[in-house]
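upload_12.cif, holding mmCIF, N, CA and C atoms:
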data_entry
#
loop_
_atom_site.label_atom_id
_atom_site.label_comp_id
_atom_site.auth_asym_id
_atom_site.auth_seq_id
_atom_site.Cartn_x
_atom_site.Cartn_y
_atom_site.Cartn_z
N PRO A 229 -5.32 10.84 -62.65
CA PRO A 229 -4.64 9.81 -61.87
C PRO A 229 -3.70 10.46 -60.85
N PRO A 230 -3.44 9.75 -59.75
CA PRO A 230 -2.51 10.31 -58.74
C PRO A 230 -1.09 10.35 -59.31
N PRO A 231 -0.28 11.27 -58.78
CA PRO A 231 1.11 11.33 -59.25
C PRO A 231 1.85 10.04 -58.89
N PRO A 232 2.90 9.71 -59.64
CA PRO A 232 3.64 8.50 -59.31
C PRO A 232 4.25 8.60 -57.91
N ARG A 233 4.27 7.49 -57.26
CA ARG A 233 4.82 7.43 -55.90
C ARG A 233 6.34 7.37 -55.97
N GLY A 234 7.00 8.14 -55.08
CA GLY A 234 8.45 8.12 -55.02
C GLY A 234 8.94 6.85 -54.33
N PRO A 235 10.24 6.76 -54.14
CA PRO A 235 10.78 5.57 -53.48
C PRO A 235 10.30 5.50 -52.03
N ASP A 236 10.31 4.29 -51.50
CA ASP A 236 9.93 4.10 -50.11
C ASP A 236 10.89 4.86 -49.21
N PRO A 237 10.40 5.42 -48.11
CA PRO A 237 11.29 6.15 -47.21
C PRO A 237 12.30 5.22 -46.55
N ILE A 238 13.43 5.78 -46.21
CA ILE A 238 14.46 5.05 -45.49
C ILE A 238 14.34 5.48 -44.04
N THR A 239 14.15 4.52 -43.15
CA THR A 239 13.98 4.86 -41.76
C THR A 239 14.96 4.09 -40.90
N GLY A 240 15.26 4.65 -39.74
CA GLY A 240 16.11 4.00 -38.76
C GLY A 240 15.82 4.61 -37.41
N ARG A 241 16.08 3.87 -36.36
CA ARG A 241 15.77 4.33 -35.01
C ARG A 241 17.05 4.70 -34.28
N VAL A 242 17.06 5.89 -33.69
CA VAL A 242 18.16 6.35 -32.85
C VAL A 242 17.72 6.15 -31.41
N GLU A 243 18.50 5.42 -30.63
CA GLU A 243 18.13 5.11 -29.25
C GLU A 243 18.53 6.21 -28.27
N ASP A 244 19.48 7.06 -28.63
CA ASP A 244 19.95 8.11 -27.73
C ASP A 244 19.21 9.42 -28.00
N ARG A 245 19.27 10.31 -27.03
CA ARG A 245 18.71 11.65 -27.20
C ARG A 245 19.55 12.41 -28.23
N VAL A 246 18.89 13.14 -29.10
CA VAL A 246 19.56 13.86 -30.17
C VAL A 246 19.29 15.35 -30.04
N THR A 247 20.35 16.15 -30.10
CA THR A 247 20.22 17.60 -30.11
C THR A 247 21.00 18.13 -31.29
N MET A 248 20.33 18.86 -32.16
CA MET A 248 20.98 19.47 -33.32
C MET A 248 20.67 20.95 -33.30
N ARG A 249 21.71 21.76 -33.53
CA ARG A 249 21.53 23.20 -33.52
C ARG A 249 22.62 23.79 -34.42
N THR A 250 22.30 24.85 -35.11
CA THR A 250 23.30 25.56 -35.89
C THR A 250 23.35 27.01 -35.42
N THR A 251 24.49 27.65 -35.66
CA THR A 251 24.63 29.05 -35.28
C THR A 251 24.34 29.97 -36.45
N GLY A 252 24.04 29.38 -37.59
CA GLY A 252 23.75 30.16 -38.79
C GLY A 252 23.39 29.21 -39.91
N PRO A 253 23.57 29.66 -41.16
CA PRO A 253 23.27 28.78 -42.29
C PRO A 253 24.07 27.49 -42.20
N ALA A 254 23.52 26.43 -42.77
CA ALA A 254 24.19 25.13 -42.76
C ALA A 254 24.03 24.46 -44.13
N VAL A 255 24.96 23.57 -44.43
CA VAL A 255 24.90 22.76 -45.64
C VAL A 255 24.35 21.39 -45.24
N TYR A 256 23.34 20.94 -45.95
CA TYR A 256 22.71 19.65 -45.68
C TYR A 256 23.10 18.72 -46.81
N SER A 257 23.65 17.55 -46.49
CA SER A 257 24.04 16.61 -47.54
C SER A 257 23.61 15.20 -47.16
N VAL A 258 23.34 14.40 -48.17
CA VAL A 258 22.96 13.00 -47.99
C VAL A 258 23.78 12.17 -48.97
N GLU A 259 24.38 11.08 -48.48
CA GLU A 259 25.14 10.21 -49.36
C GLU A 259 24.98 8.76 -48.90
N THR A 260 25.22 7.84 -49.82
CA THR A 260 25.23 6.42 -49.51
C THR A 260 26.67 5.97 -49.43
N ILE A 261 27.02 5.30 -48.35
CA ILE A 261 28.37 4.78 -48.16
C ILE A 261 28.28 3.27 -48.03
N VAL A 262 29.10 2.57 -48.80
CA VAL A 262 29.19 1.12 -48.71
C VAL A 262 30.58 0.77 -48.21
N LEU A 263 30.63 0.02 -47.12
CA LEU A 263 31.89 -0.49 -46.58
C LEU A 263 31.98 -1.98 -46.87
N ARG A 264 33.03 -2.37 -47.56
CA ARG A 264 33.26 -3.79 -47.81
C ARG A 264 33.70 -4.47 -46.51
N PRO A 265 33.57 -5.79 -46.41
CA PRO A 265 34.05 -6.47 -45.21
C PRO A 265 35.50 -6.10 -44.91
N GLY A 266 35.76 -5.72 -43.66
CA GLY A 266 37.10 -5.33 -43.24
C GLY A 266 37.45 -3.88 -43.50
N GLU A 267 36.61 -3.14 -44.20
CA GLU A 267 36.89 -1.74 -44.52
C GLU A 267 36.39 -0.82 -43.41
N ASN A 268 37.04 0.35 -43.26
CA ASN A 268 36.58 1.34 -42.29
C ASN A 268 36.75 2.74 -42.86
N THR A 269 36.18 3.70 -42.17
CA THR A 269 36.20 5.09 -42.63
C THR A 269 37.46 5.83 -42.21
N GLY A 270 38.26 5.24 -41.32
CA GLY A 270 39.37 5.96 -40.72
C GLY A 270 38.82 6.93 -39.68
N TRP A 271 39.64 7.26 -38.69
CA TRP A 271 39.22 8.21 -37.67
C TRP A 271 39.06 9.59 -38.29
N HIS A 272 37.91 10.22 -38.05
CA HIS A 272 37.64 11.53 -38.64
C HIS A 272 36.60 12.27 -37.81
N ARG A 273 36.38 13.52 -38.18
CA ARG A 273 35.32 14.34 -37.58
C ARG A 273 34.73 15.23 -38.67
N HIS A 274 33.56 15.77 -38.39
CA HIS A 274 32.85 16.66 -39.31
C HIS A 274 32.57 17.99 -38.61
N PRO A 275 32.52 19.09 -39.37
CA PRO A 275 32.16 20.38 -38.78
C PRO A 275 30.64 20.53 -38.68
N GLY A 276 30.03 19.58 -38.03
CA GLY A 276 28.57 19.54 -37.89
C GLY A 276 28.16 18.15 -37.46
N THR A 277 26.88 17.87 -37.51
CA THR A 277 26.35 16.59 -37.04
C THR A 277 26.21 15.58 -38.18
N GLU A 278 26.17 14.33 -37.78
CA GLU A 278 25.99 13.23 -38.74
C GLU A 278 24.91 12.31 -38.21
N LEU A 279 24.03 11.88 -39.10
CA LEU A 279 23.02 10.88 -38.78
C LEU A 279 23.07 9.84 -39.89
N ALA A 280 23.34 8.59 -39.52
CA ALA A 280 23.47 7.52 -40.51
C ALA A 280 22.46 6.42 -40.21
N ILE A 281 21.84 5.91 -41.25
CA ILE A 281 20.93 4.77 -41.13
C ILE A 281 21.61 3.58 -41.80
N VAL A 282 21.71 2.48 -41.09
CA VAL A 282 22.27 1.26 -41.66
C VAL A 282 21.17 0.59 -42.47
N ARG A 283 21.42 0.46 -43.76
CA ARG A 283 20.42 -0.16 -44.65
C ARG A 283 20.66 -1.65 -44.82
N ALA A 284 21.93 -2.07 -44.77
CA ALA A 284 22.26 -3.49 -44.97
C ALA A 284 23.55 -3.80 -44.22
N GLY A 285 23.68 -5.04 -43.79
CA GLY A 285 24.88 -5.46 -43.09
C GLY A 285 24.94 -4.91 -41.68
N GLU A 286 26.16 -4.83 -41.15
CA GLU A 286 26.39 -4.33 -39.80
C GLU A 286 27.55 -3.33 -39.83
N VAL A 287 27.44 -2.31 -39.00
CA VAL A 287 28.49 -1.29 -38.89
C VAL A 287 28.87 -1.17 -37.42
N THR A 288 30.16 -1.16 -37.15
CA THR A 288 30.67 -0.97 -35.79
C THR A 288 31.21 0.44 -35.70
N VAL A 289 30.79 1.18 -34.67
CA VAL A 289 31.21 2.57 -34.50
C VAL A 289 31.99 2.70 -33.20
N ARG A 290 33.12 3.39 -33.30
CA ARG A 290 33.92 3.75 -32.12
C ARG A 290 33.95 5.26 -32.05
N ARG A 291 33.84 5.82 -30.85
CA ARG A 291 33.81 7.26 -30.66
C ARG A 291 34.84 7.67 -29.60
N GLU A 292 35.36 8.87 -29.76
CA GLU A 292 36.25 9.41 -28.75
C GLU A 292 35.49 9.53 -27.43
N GLY A 293 36.11 9.11 -26.35
CA GLY A 293 35.48 9.20 -25.04
C GLY A 293 34.55 8.05 -24.72
N ALA A 294 34.22 7.24 -25.70
CA ALA A 294 33.37 6.06 -25.50
C ALA A 294 33.85 5.01 -26.49
N CYS A 295 35.05 4.54 -26.27
CA CYS A 295 35.73 3.73 -27.28
C CYS A 295 35.26 2.29 -27.37
N ARG A 296 34.40 1.87 -26.45
CA ARG A 296 33.86 0.52 -26.59
C ARG A 296 33.04 0.46 -27.86
N PRO A 297 33.33 -0.50 -28.74
CA PRO A 297 32.60 -0.54 -30.02
C PRO A 297 31.10 -0.77 -29.82
N THR A 298 30.32 -0.09 -30.66
CA THR A 298 28.88 -0.29 -30.67
C THR A 298 28.50 -0.77 -32.07
N ARG A 299 27.79 -1.88 -32.13
CA ARG A 299 27.41 -2.46 -33.41
C ARG A 299 25.97 -2.05 -33.76
N TYR A 300 25.78 -1.64 -35.01
CA TYR A 300 24.47 -1.24 -35.51
C TYR A 300 24.12 -2.14 -36.69
N THR A 301 22.88 -2.59 -36.74
CA THR A 301 22.42 -3.47 -37.81
C THR A 301 21.36 -2.76 -38.65
N ALA A 302 20.95 -3.40 -39.72
CA ALA A 302 19.97 -2.81 -40.64
C ALA A 302 18.75 -2.32 -39.87
N GLY A 303 18.35 -1.08 -40.16
CA GLY A 303 17.20 -0.46 -39.51
C GLY A 303 17.55 0.38 -38.30
N GLU A 304 18.81 0.31 -37.86
CA GLU A 304 19.23 1.14 -36.74
C GLU A 304 19.94 2.37 -37.27
N ALA A 305 19.95 3.43 -36.47
CA ALA A 305 20.56 4.69 -36.88
C ALA A 305 21.61 5.11 -35.87
N VAL A 306 22.59 5.87 -36.35
CA VAL A 306 23.71 6.33 -35.54
C VAL A 306 23.73 7.85 -35.61
N PHE A 307 23.80 8.52 -34.45
CA PHE A 307 23.93 9.97 -34.41
C PHE A 307 25.31 10.30 -33.87
N VAL A 308 26.04 11.20 -34.56
CA VAL A 308 27.36 11.64 -34.12
C VAL A 308 27.31 13.15 -33.92
N ASP A 309 27.67 13.58 -32.70
CA ASP A 309 27.65 15.00 -32.36
C ASP A 309 28.62 15.82 -33.21
N ASP A 310 28.36 17.10 -33.25
CA ASP A 310 29.19 18.07 -33.95
C ASP A 310 30.65 17.95 -33.54
N GLY A 311 31.53 17.67 -34.52
CA GLY A 311 32.97 17.65 -34.28
C GLY A 311 33.49 16.46 -33.52
N SER A 312 32.67 15.47 -33.25
CA SER A 312 33.09 14.32 -32.45
C SER A 312 33.90 13.32 -33.28
N PRO A 313 35.16 13.04 -32.89
CA PRO A 313 35.95 12.04 -33.61
C PRO A 313 35.29 10.66 -33.52
N HIS A 314 35.27 9.96 -34.65
CA HIS A 314 34.66 8.63 -34.69
C HIS A 314 35.22 7.82 -35.86
N LEU A 315 34.95 6.53 -35.81
CA LEU A 315 35.36 5.60 -36.86
C LEU A 315 34.24 4.59 -37.04
N ALA A 316 33.87 4.32 -38.28
CA ALA A 316 32.89 3.29 -38.58
C ALA A 316 33.60 2.19 -39.35
N SER A 317 33.30 0.94 -39.01
CA SER A 317 33.95 -0.18 -39.69
C SER A 317 32.94 -1.28 -39.97
N ASN A 318 33.27 -2.09 -40.96
CA ASN A 318 32.48 -3.26 -41.27
C ASN A 318 33.29 -4.48 -40.83
N ASP A 319 32.91 -5.03 -39.68
CA ASP A 319 33.60 -6.20 -39.16
C ASP A 319 32.89 -7.49 -39.57
N GLY A 320 31.86 -7.38 -40.40
CA GLY A 320 31.09 -8.54 -40.83
C GLY A 320 31.63 -9.17 -42.11
N ALA A 321 30.87 -10.11 -42.64
CA ALA A 321 31.28 -10.87 -43.82
C ALA A 321 30.61 -10.41 -45.11
N VAL A 322 29.67 -9.46 -45.00
CA VAL A 322 28.97 -8.96 -46.19
C VAL A 322 29.10 -7.43 -46.22
N PRO A 323 28.92 -6.81 -47.40
CA PRO A 323 28.99 -5.35 -47.46
C PRO A 323 27.96 -4.70 -46.54
N ALA A 324 28.35 -3.56 -45.97
CA ALA A 324 27.46 -2.77 -45.12
C ALA A 324 27.13 -1.48 -45.86
N GLU A 325 25.87 -1.14 -45.90
CA GLU A 325 25.43 0.08 -46.59
C GLU A 325 24.78 1.02 -45.59
N MET A 326 25.19 2.30 -45.66
CA MET A 326 24.62 3.32 -44.79
C MET A 326 24.17 4.50 -45.64
N VAL A 327 23.06 5.12 -45.25
CA VAL A 327 22.65 6.40 -45.81
C VAL A 327 23.03 7.43 -44.75
N VAL A 328 23.93 8.34 -45.13
CA VAL A 328 24.52 9.26 -44.17
C VAL A 328 24.07 10.68 -44.48
N THR A 329 23.56 11.37 -43.47
CA THR A 329 23.13 12.75 -43.59
C THR A 329 24.03 13.63 -42.73
N HIS A 330 24.50 14.72 -43.31
CA HIS A 330 25.32 15.68 -42.58
C HIS A 330 24.63 17.04 -42.56
N LEU A 331 24.76 17.74 -41.46
CA LEU A 331 24.34 19.13 -41.34
C LEU A 331 25.62 19.87 -40.95
N LEU A 332 26.22 20.58 -41.91
CA LEU A 332 27.59 21.06 -41.77
C LEU A 332 27.71 22.58 -41.87
N ASP A 333 28.78 23.10 -41.29
CA ASP A 333 29.12 24.51 -41.47
C ASP A 333 29.48 24.74 -42.94
N PRO A 334 28.97 25.79 -43.56
CA PRO A 334 29.31 26.05 -44.96
C PRO A 334 30.74 26.57 -45.11
N GLY A 335 31.33 26.24 -46.25
CA GLY A 335 32.63 26.80 -46.60
C GLY A 335 33.82 26.17 -45.92
N VAL A 336 33.63 25.07 -45.22
CA VAL A 336 34.76 24.37 -44.60
C VAL A 336 34.77 22.92 -45.10
N PRO A 337 35.92 22.26 -45.04
CA PRO A 337 35.94 20.86 -45.49
C PRO A 337 34.90 20.02 -44.77
N GLU A 338 34.27 19.10 -45.49
CA GLU A 338 33.21 18.26 -44.96
C GLU A 338 33.72 17.29 -43.89
N ARG A 339 34.99 16.99 -43.96
CA ARG A 339 35.55 15.98 -43.06
C ARG A 339 37.03 16.25 -42.88
N SER A 340 37.54 15.94 -41.70
CA SER A 340 38.98 16.02 -41.48
C SER A 340 39.43 14.78 -40.72
N SER A 341 40.59 14.26 -41.11
CA SER A 341 41.16 13.10 -40.43
C SER A 341 41.69 13.53 -39.07
N VAL A 342 41.60 12.62 -38.11
CA VAL A 342 42.11 12.86 -36.77
C VAL A 342 42.89 11.64 -36.32
N PRO A 343 43.80 11.79 -35.35
CA PRO A 343 44.52 10.62 -34.83
C PRO A 343 43.54 9.65 -34.17
N PRO A 344 43.86 8.36 -34.15
CA PRO A 344 42.98 7.40 -33.47
C PRO A 344 42.71 7.82 -32.03
N ALA A 345 41.45 7.75 -31.64
CA ALA A 345 41.05 8.17 -30.30
C ALA A 345 40.99 6.99 -29.34
N CYS A 346 41.16 5.80 -29.86
CA CYS A 346 41.11 4.60 -29.00
C CYS A 346 42.31 3.72 -29.29
#

Starting from the file, lay out its structure as structure tokens.
Amino acid sequence: PPPPRGPDPITGRVEDRVTMRTTGPAVYSVETIVLRPGENTGWHRHPGTELAIVRAGEVTVRREGACRPTRYTAGEAVFVDDGSPHLASNDGAVPAEMVVTHLLDPGVPERSSVPPAC
């Protein structure tokens, strides 16, 4: 018999051009983040890139240099450049779930808080 099938893939579409590059070894991590209505991640940055797929609900992202909020819904993906300050929030009425992938420099904190950029 064929081997058991794993879970269905999680997919999302990124509308912008994406460039990812490392200067050496990198740490790859994947996590699920749930934001309750009204909750946000706080302004922060990562020592590497972030790619998030919205699985449920809606997520609003604000970025340094482009502070107009951008809303992402289920099935859409968000790419954040290396070291770019950003904030994700759930401005909706239901929980928002994201699958977040990081490609990070090894041996440094995964995230650091930054002052609000907007």

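The spacing separating atom N of Asp244 of chain A from atom CA of Gly320 of chain A amounts to 23.0 Å.
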
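Counting only N, CA and C atoms and comparing A:Arg290, A:Arg273, A:Arg296, A:Arg283, the residue that lies closest to Val342 of chain A is A:Arg273.
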
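Comparing A:Ala345, A:Ala254, A:Val287, A:Val282 by their smallest distance to Leu332 of chain A, the closest is A:Ala254 (using all atoms listed in the file).
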
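Counting from atom CA of Pro253 of chain A, the distance to atom CA of Met326 of chain A is 25.6 Å.
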
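Rounded to one decimal, atom N of Val328 of chain A and atom C of Glu278 of chain A lie 8.0 Å from each other.
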
Name all residues at most 7 Å from His272 of chain A (count all atoms listed in the file; drop same-chain ones fewer than 4 positions away) and give them as a VMD selection string.
chain A and resid 311 to 315 339 to 343

Select, counting only C-alpha atoms, all protein, DNA and RNA residues no farther than 8 Å from (24.5, 11.4, -35.7) in file coordinates, and express the selection as a PyMOL selection string.
chain A and resi 246+277-280+305-309

Neighbours of point (35.6, -2.8, -45.1) within 8 Å, using all atoms listed in the file, written as JSON, numbers by chain:
{"A": [262, 263, 264, 265, 266, 267, 268, 269, 316, 317, 318, 319, 320, 323, 324]}

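Residues matched by the PyMOL selection byres (((chain A and resi 301 and name CA) around 7) and name CA) in this file: Val282, Gly285, Glu286, Val287, Arg299, Tyr300, Ala302, Gly303 and Glu304 of chain A.
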
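Each of A:Val255, A:Val322, A:Ala294, A:Val289 was checked against Glu338 of chain A using only C-alpha atoms; the smallest atom-to-atom distance is that of A:Val255.
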
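Among A:Val327, A:Trp271, A:Thr260, A:Thr288, the residue with the shortest atom-to-atom distance to Pro344 of chain A, counting only N, CA and C atoms, is A:Trp271.
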
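Residue nearest Pro337 of chain A within the list A:Pro231, A:His274, A:Asp236, A:Gly252: A:His274 [criterion: smallest interatomic distance, only N, CA and C atoms].
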
The PyMOL selection byres ((chain A and resi 239) around 6.5) applied to the shown file, residues as a PDB file with N, CA and C atoms, keeping the file's coordinate frame:
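Once everything was written out, this is part.pdb:
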ATOM      1  N   PRO A 237      10.400   5.420 -48.110  1.00  0.00           N
ATOM      2  CA  PRO A 237      11.290   6.150 -47.210  1.00  0.00           C
ATOM      3  C   PRO A 237      12.300   5.220 -46.550  1.00  0.00           C
ATOM      4  N   ILE A 238      13.430   5.780 -46.210  1.00  0.00           N
ATOM      5  CA  ILE A 238      14.460   5.050 -45.490  1.00  0.00           C
ATOM      6  C   ILE A 238      14.340   5.480 -44.040  1.00  0.00           C
ATOM      7  N   GLY A 240      15.260   4.650 -39.740  1.00  0.00           N
ATOM      8  CA  GLY A 240      16.110   4.000 -38.760  1.00  0.00           C
ATOM      9  C   GLY A 240      15.820   4.610 -37.410  1.00  0.00           C
ATOM     10  N   ARG A 241      16.080   3.870 -36.360  1.00  0.00           N
ATOM     11  CA  ARG A 241      15.770   4.330 -35.010  1.00  0.00           C
ATOM     12  C   ARG A 241      17.050   4.700 -34.280  1.00  0.00           C
ATOM     13  N   ILE A 281      21.840   5.910 -41.250  1.00  0.00           N
ATOM     14  CA  ILE A 281      20.930   4.770 -41.130  1.00  0.00           C
ATOM     15  C   ILE A 281      21.610   3.580 -41.800  1.00  0.00           C
ATOM     16  N   GLY A 303      18.350  -1.080 -40.160  1.00  0.00           N
ATOM     17  CA  GLY A 303      17.200  -0.460 -39.510  1.00  0.00           C
ATOM     18  C   GLY A 303      17.550   0.380 -38.300  1.00  0.00           C
ATOM     19  N   GLU A 304      18.810   0.310 -37.860  1.00  0.00           N
ATOM     20  CA  GLU A 304      19.230   1.140 -36.740  1.00  0.00           C
ATOM     21  C   GLU A 304      19.940   2.370 -37.270  1.00  0.00           C
TER      22      GLU A 304
END

Mind dumping segment 318-328 of chain A from that block, keeping all heavy atoms, as an mmCIF file, in the first residue's frame?
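As a result, result.cif now contains:
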data_model
loop_
_atom_site.group_PDB
_atom_site.id
_atom_site.type_symbol
_atom_site.label_atom_id
_atom_site.label_comp_id
_atom_site.auth_asym_id
_atom_site.auth_seq_id
_atom_site.Cartn_x
_atom_site.Cartn_y
_atom_site.Cartn_z
ATOM 1 N N ASN A 318 -4.377 42.317 14.369
ATOM 2 C CA ASN A 318 -5.668 41.764 14.010
ATOM 3 C C ASN A 318 -6.706 42.828 14.344
ATOM 4 O O ASN A 318 -7.052 43.024 15.496
ATOM 5 C CB ASN A 318 -5.950 40.474 14.788
ATOM 6 C CG ASN A 318 -7.309 39.890 14.458
ATOM 7 O OD1 ASN A 318 -8.090 40.475 13.707
ATOM 8 N ND2 ASN A 318 -7.605 38.750 15.032
ATOM 9 N N ASP A 319 -7.175 43.516 13.310
ATOM 10 C CA ASP A 319 -8.178 44.553 13.491
ATOM 11 C C ASP A 319 -9.586 44.010 13.274
ATOM 12 O O ASP A 319 -10.547 44.770 13.295
ATOM 13 C CB ASP A 319 -7.911 45.708 12.509
ATOM 14 C CG ASP A 319 -6.547 46.340 12.722
ATOM 15 O OD1 ASP A 319 -6.058 46.337 13.868
ATOM 16 O OD2 ASP A 319 -5.959 46.824 11.737
ATOM 17 N N GLY A 320 -9.704 42.699 13.063
ATOM 18 C CA GLY A 320 -10.998 42.077 12.807
ATOM 19 C C GLY A 320 -11.690 41.609 14.078
ATOM 20 O O GLY A 320 -11.228 41.861 15.193
ATOM 21 N N ALA A 321 -12.783 40.873 13.890
ATOM 22 C CA ALA A 321 -13.609 40.415 15.004
ATOM 23 C C ALA A 321 -13.385 38.949 15.358
ATOM 24 O O ALA A 321 -13.965 38.454 16.325
ATOM 25 C CB ALA A 321 -15.084 40.644 14.668
ATOM 26 N N VAL A 322 -12.560 38.243 14.568
ATOM 27 C CA VAL A 322 -12.293 36.826 14.834
ATOM 28 C C VAL A 322 -10.781 36.624 14.915
ATOM 29 O O VAL A 322 -10.013 37.423 14.390
ATOM 30 C CB VAL A 322 -12.894 35.913 13.735
ATOM 31 C CG1 VAL A 322 -14.406 36.058 13.677
ATOM 32 C CG2 VAL A 322 -12.285 36.200 12.375
ATOM 33 N N PRO A 323 -10.325 35.542 15.560
ATOM 34 C CA PRO A 323 -8.879 35.289 15.622
ATOM 35 C C PRO A 323 -8.268 35.177 14.223
ATOM 36 O O PRO A 323 -8.900 34.688 13.287
ATOM 37 C CB PRO A 323 -8.777 33.957 16.368
ATOM 38 C CG PRO A 323 -10.027 33.896 17.182
ATOM 39 C CD PRO A 323 -11.085 34.556 16.330
ATOM 40 N N ALA A 324 -7.039 35.651 14.111
ATOM 41 C CA ALA A 324 -6.282 35.554 12.859
ATOM 42 C C ALA A 324 -5.139 34.570 13.083
ATOM 43 O O ALA A 324 -4.440 34.647 14.094
ATOM 44 C CB ALA A 324 -5.735 36.920 12.455
ATOM 45 N N GLU A 325 -4.965 33.657 12.163
ATOM 46 C CA GLU A 325 -3.908 32.652 12.277
ATOM 47 C C GLU A 325 -2.954 32.792 11.103
ATOM 48 O O GLU A 325 -3.377 32.883 9.955
ATOM 49 C CB GLU A 325 -4.500 31.250 12.286
ATOM 50 C CG GLU A 325 -3.467 30.165 12.418
ATOM 51 C CD GLU A 325 -4.072 28.767 12.438
ATOM 52 O OE1 GLU A 325 -5.242 28.621 12.831
ATOM 53 O OE2 GLU A 325 -3.364 27.839 12.039
ATOM 54 N N MET A 326 -1.648 32.796 11.428
ATOM 55 C CA MET A 326 -0.613 32.882 10.401
ATOM 56 C C MET A 326 0.394 31.757 10.610
ATOM 57 O O MET A 326 0.724 31.428 11.748
ATOM 58 C CB MET A 326 0.157 34.199 10.500
ATOM 59 C CG MET A 326 -0.662 35.431 10.306
ATOM 60 S SD MET A 326 0.360 36.930 10.440
ATOM 61 C CE MET A 326 0.771 36.936 12.176
ATOM 62 N N VAL A 327 0.897 31.208 9.510
ATOM 63 C CA VAL A 327 2.041 30.308 9.553
ATOM 64 C C VAL A 327 3.224 31.157 9.100
ATOM 65 O O VAL A 327 3.229 31.689 7.988
ATOM 66 C CB VAL A 327 1.847 29.089 8.631
ATOM 67 C CG1 VAL A 327 3.105 28.233 8.616
ATOM 68 C CG2 VAL A 327 0.642 28.283 9.083
ATOM 69 N N VAL A 328 4.196 31.319 10.002
ATOM 70 C CA VAL A 328 5.295 32.251 9.775
ATOM 71 C C VAL A 328 6.601 31.483 9.623
ATOM 72 O O VAL A 328 6.946 30.649 10.464
ATOM 73 C CB VAL A 328 5.411 33.254 10.942
ATOM 74 C CG1 VAL A 328 6.526 34.243 10.691
ATOM 75 C CG2 VAL A 328 4.085 33.984 11.150
#
